[in-house]
Amino acid sequence: MKERRYWKATYAGHFGWVAGLDFRYNKRSQEDEPFIGMGEALPLEYLDRLILQNEVFADDIRLEACAIEKEGLVVLTSQPFVRGRKPKPAAILETMLLLGFERIPGLPANTEDSFSFYRRPDRVSAFDAHTGNFILSGNLVVPIDLVMVRAGEDMHDYLCRRIDAARN
């Protein structure tokens, strides 16, 4: 029997999102302050994100093709078809905590319905973790489209400080 796969094409010239450490000026303190910003991903950042999803969640996202259209590059990928429904936010939180992730407090797209996570040992962050980016298949909560980033030294330090400060 042939494996069923879900196919996805990026919009021409657009490759989803990437999260990164940035700085902004605080008028009150008159200092630059770090924050996590989301911006449009470059093609290689998009592919890095998919590779990281495969590594962290044992997914099988495949690069199938690239095409150049008038509006720009299109990336075609596939991943295994998973039958299920949207999980509740509490199930997403529970699954990610069981996988060793910590919830990052107060970041963009971090509400009771959408989370941001960090796993210190391998410096993996996962953003945009909302019910539309997971599937509940039986009792298994499967991530399908997170914004994954491996943190560099500065981002790692910032995320750890932010998580630890929320605990105190």
# chains A, B, ... in the order shown; residues from 1 in each chain; ligands from 1
>>> select_by_dssp(residues="chain A", states="alpha helix (DSSP H)", output="PyMOL selection string")
chain A and resi 43-57+89-98+153-167
>>> residues_around(residues="Pro34 of chain A", least_positions_apart="2", cutoff="10 Å", atoms="only C-alpha atoms", output="PyMOL selection string")
chain A and resi 21-26+31-32+36-37+154-155+158
>>> write_last_selection(atoms="N, CA, C and O atoms", output="short mmCIF file (atom, residue, chain, number, x, y, z; two decimals), in the first residue's frame")
data_model
loop_
_atom_site.label_atom_id
_atom_site.label_comp_id
_atom_site.auth_asym_id
_atom_site.auth_seq_id
_atom_site.Cartn_x
_atom_site.Cartn_y
_atom_site.Cartn_z
N LEU A 21 16.41 36.53 18.12
CA LEU A 21 16.68 37.53 19.15
C LEU A 21 16.99 38.85 18.47
O LEU A 21 17.79 38.91 17.54
N ASP A 22 16.34 39.89 18.94
CA ASP A 22 16.55 41.23 18.40
C ASP A 22 16.62 42.20 19.58
O ASP A 22 16.43 41.80 20.73
N PHE A 23 16.87 43.46 19.29
CA PHE A 23 16.95 44.47 20.34
C PHE A 23 16.12 45.68 19.95
O PHE A 23 16.01 46.01 18.77
N ARG A 24 15.53 46.32 20.94
CA ARG A 24 14.79 47.57 20.72
C ARG A 24 15.13 48.54 21.83
O ARG A 24 15.42 48.14 22.96
N TYR A 25 15.05 49.79 21.50
CA TYR A 25 15.40 50.84 22.45
C TYR A 25 14.24 51.11 23.39
O TYR A 25 13.11 51.30 22.96
N ASN A 26 14.52 51.12 24.70
CA ASN A 26 13.52 51.42 25.72
C ASN A 26 13.75 52.86 26.16
O ASN A 26 14.78 53.17 26.75
N GLU A 31 18.01 52.19 27.29
CA GLU A 31 18.91 51.10 26.92
C GLU A 31 18.24 50.22 25.88
O GLU A 31 17.01 50.18 25.79
N ASP A 32 19.06 49.52 25.13
CA ASP A 32 18.53 48.52 24.23
C ASP A 32 18.14 47.30 25.05
O ASP A 32 18.88 46.87 25.93
N ILE A 36 12.26 38.62 21.48
CA ILE A 36 12.15 37.64 20.40
C ILE A 36 11.20 38.22 19.36
O ILE A 36 10.06 38.53 19.66
N GLY A 37 11.70 38.38 18.17
CA GLY A 37 10.90 38.90 17.07
C GLY A 37 10.64 37.83 16.03
O GLY A 37 11.42 36.90 15.88
N ASP A 154 23.39 33.89 22.66
CA ASP A 154 22.64 35.03 23.19
C ASP A 154 21.16 34.71 23.36
O ASP A 154 20.55 35.05 24.37
N MET A 155 20.58 34.03 22.37
CA MET A 155 19.16 33.66 22.47
C MET A 155 18.94 32.67 23.60
O MET A 155 17.97 32.77 24.35
N TYR A 158 19.03 34.52 26.90
CA TYR A 158 17.83 35.33 27.05
C TYR A 158 16.62 34.46 27.42
O TYR A 158 15.86 34.78 28.34
#
>>> atom_distance(atom1="atom CA of Gly39 of chain A", atom2="atom CA of Val18 of chain A")
5.5 Å
>>> closest_residue(among="A:His156, A:Lys88, A:Arg150, A:Arg162", to="Asn133 of chain A", atoms="only C-alpha atoms")
A:Lys88
>>> atom_distance(atom1="atom CA of Val124 of chain A", atom2="atom CA of Glu64 of chain A")
25.1 Å
>>> atom_distance(atom1="atom CA of Glu102 of chain A", atom2="atom CA of Gly132 of chain A")
20.1 Å
>>> select_by_dssp(residues="chain A", states="strand (DSSP E)", output="mmCIF file with C-alpha atoms, in the first residue's frame")
data_model
loop_
_atom_site.group_PDB
_atom_site.id
_atom_site.type_symbol
_atom_site.label_atom_id
_atom_site.label_comp_id
_atom_site.auth_asym_id
_atom_site.auth_seq_id
_atom_site.Cartn_x
_atom_site.Cartn_y
_atom_site.Cartn_z
ATOM 1 C CA ARG A 5 1.295 12.160 2.340
ATOM 2 C CA TYR A 6 0.147 15.732 2.780
ATOM 3 C CA TRP A 7 1.656 18.106 0.211
ATOM 4 C CA LYS A 8 2.350 21.775 0.889
ATOM 5 C CA ALA A 9 3.619 24.560 -1.365
ATOM 6 C CA TRP A 17 8.275 32.724 9.670
ATOM 7 C CA VAL A 18 11.503 32.658 11.604
ATOM 8 C CA ALA A 19 12.011 33.721 15.215
ATOM 9 C CA GLY A 20 15.144 35.403 16.432
ATOM 10 C CA LEU A 21 16.678 37.526 19.148
ATOM 11 C CA ASP A 22 16.554 41.234 18.404
ATOM 12 C CA PHE A 23 16.954 44.474 20.342
ATOM 13 C CA ARG A 24 14.792 47.566 20.717
ATOM 14 C CA TYR A 25 15.404 50.839 22.447
ATOM 15 C CA ASN A 26 13.518 51.423 25.715
ATOM 16 C CA GLU A 31 18.913 51.104 26.924
ATOM 17 C CA ASP A 32 18.534 48.516 24.226
ATOM 18 C CA GLU A 33 16.468 45.566 25.458
ATOM 19 C CA PRO A 34 16.388 42.082 23.934
ATOM 20 C CA PHE A 35 13.191 40.520 22.621
ATOM 21 C CA ILE A 36 12.148 37.641 20.404
ATOM 22 C CA GLY A 37 10.897 38.900 17.073
ATOM 23 C CA MET A 38 9.189 37.079 14.240
ATOM 24 C CA GLY A 39 10.054 37.893 10.657
ATOM 25 C CA GLU A 40 9.668 36.422 7.218
ATOM 26 C CA ARG A 62 10.522 15.900 2.658
ATOM 27 C CA LEU A 63 11.664 18.508 0.183
ATOM 28 C CA GLU A 64 9.896 17.418 -2.998
ATOM 29 C CA ALA A 65 10.641 20.218 -5.458
ATOM 30 C CA CYS A 66 11.423 23.872 -5.986
ATOM 31 C CA ALA A 67 10.039 26.001 -8.778
ATOM 32 C CA ILE A 68 10.586 29.532 -9.883
ATOM 33 C CA GLU A 69 7.431 31.430 -10.712
ATOM 34 C CA GLY A 72 9.506 34.118 -6.849
ATOM 35 C CA LEU A 73 10.652 30.738 -5.578
ATOM 36 C CA VAL A 74 8.101 28.108 -4.498
ATOM 37 C CA VAL A 75 9.128 25.247 -2.205
ATOM 38 C CA LEU A 76 7.079 22.045 -2.328
ATOM 39 C CA THR A 77 7.266 19.687 0.645
ATOM 40 C CA SER A 78 5.368 16.659 1.871
ATOM 41 C CA GLN A 79 4.851 14.995 5.223
ATOM 42 C CA PRO A 80 2.968 11.914 6.372
ATOM 43 C CA GLU A 102 9.517 24.598 29.010
ATOM 44 C CA ARG A 103 6.884 27.211 28.294
ATOM 45 C CA SER A 114 -0.853 29.616 21.505
ATOM 46 C CA PHE A 115 2.430 28.824 23.178
ATOM 47 C CA SER A 116 6.174 29.335 22.807
ATOM 48 C CA PHE A 117 8.562 26.666 24.142
ATOM 49 C CA TYR A 118 12.258 26.100 24.779
ATOM 50 C CA ARG A 119 14.267 22.931 25.451
ATOM 51 C CA VAL A 124 15.601 24.093 20.525
ATOM 52 C CA SER A 125 12.813 26.644 20.557
ATOM 53 C CA ALA A 126 9.329 26.098 19.172
ATOM 54 C CA PHE A 127 7.054 29.027 18.439
ATOM 55 C CA ASP A 128 3.553 29.393 16.979
ATOM 56 C CA ALA A 129 2.394 26.324 18.916
ATOM 57 C CA HIS A 130 -1.381 26.700 18.575
ATOM 58 C CA PHE A 134 -1.020 20.211 15.903
ATOM 59 C CA ILE A 135 -3.230 17.205 15.236
ATOM 60 C CA LEU A 136 -4.722 14.954 17.892
ATOM 61 C CA SER A 137 -4.536 11.444 16.438
ATOM 62 C CA LEU A 140 -1.145 11.305 20.353
ATOM 63 C CA VAL A 141 -0.648 15.061 19.876
ATOM 64 C CA VAL A 142 1.384 15.531 16.688
ATOM 65 C CA PRO A 143 3.091 18.856 15.823
ATOM 66 C CA VAL A 147 8.348 27.705 13.902
ATOM 67 C CA MET A 148 11.444 25.841 15.062
ATOM 68 C CA VAL A 149 14.776 27.547 15.777
ATOM 69 C CA ARG A 150 18.011 26.315 17.330
#
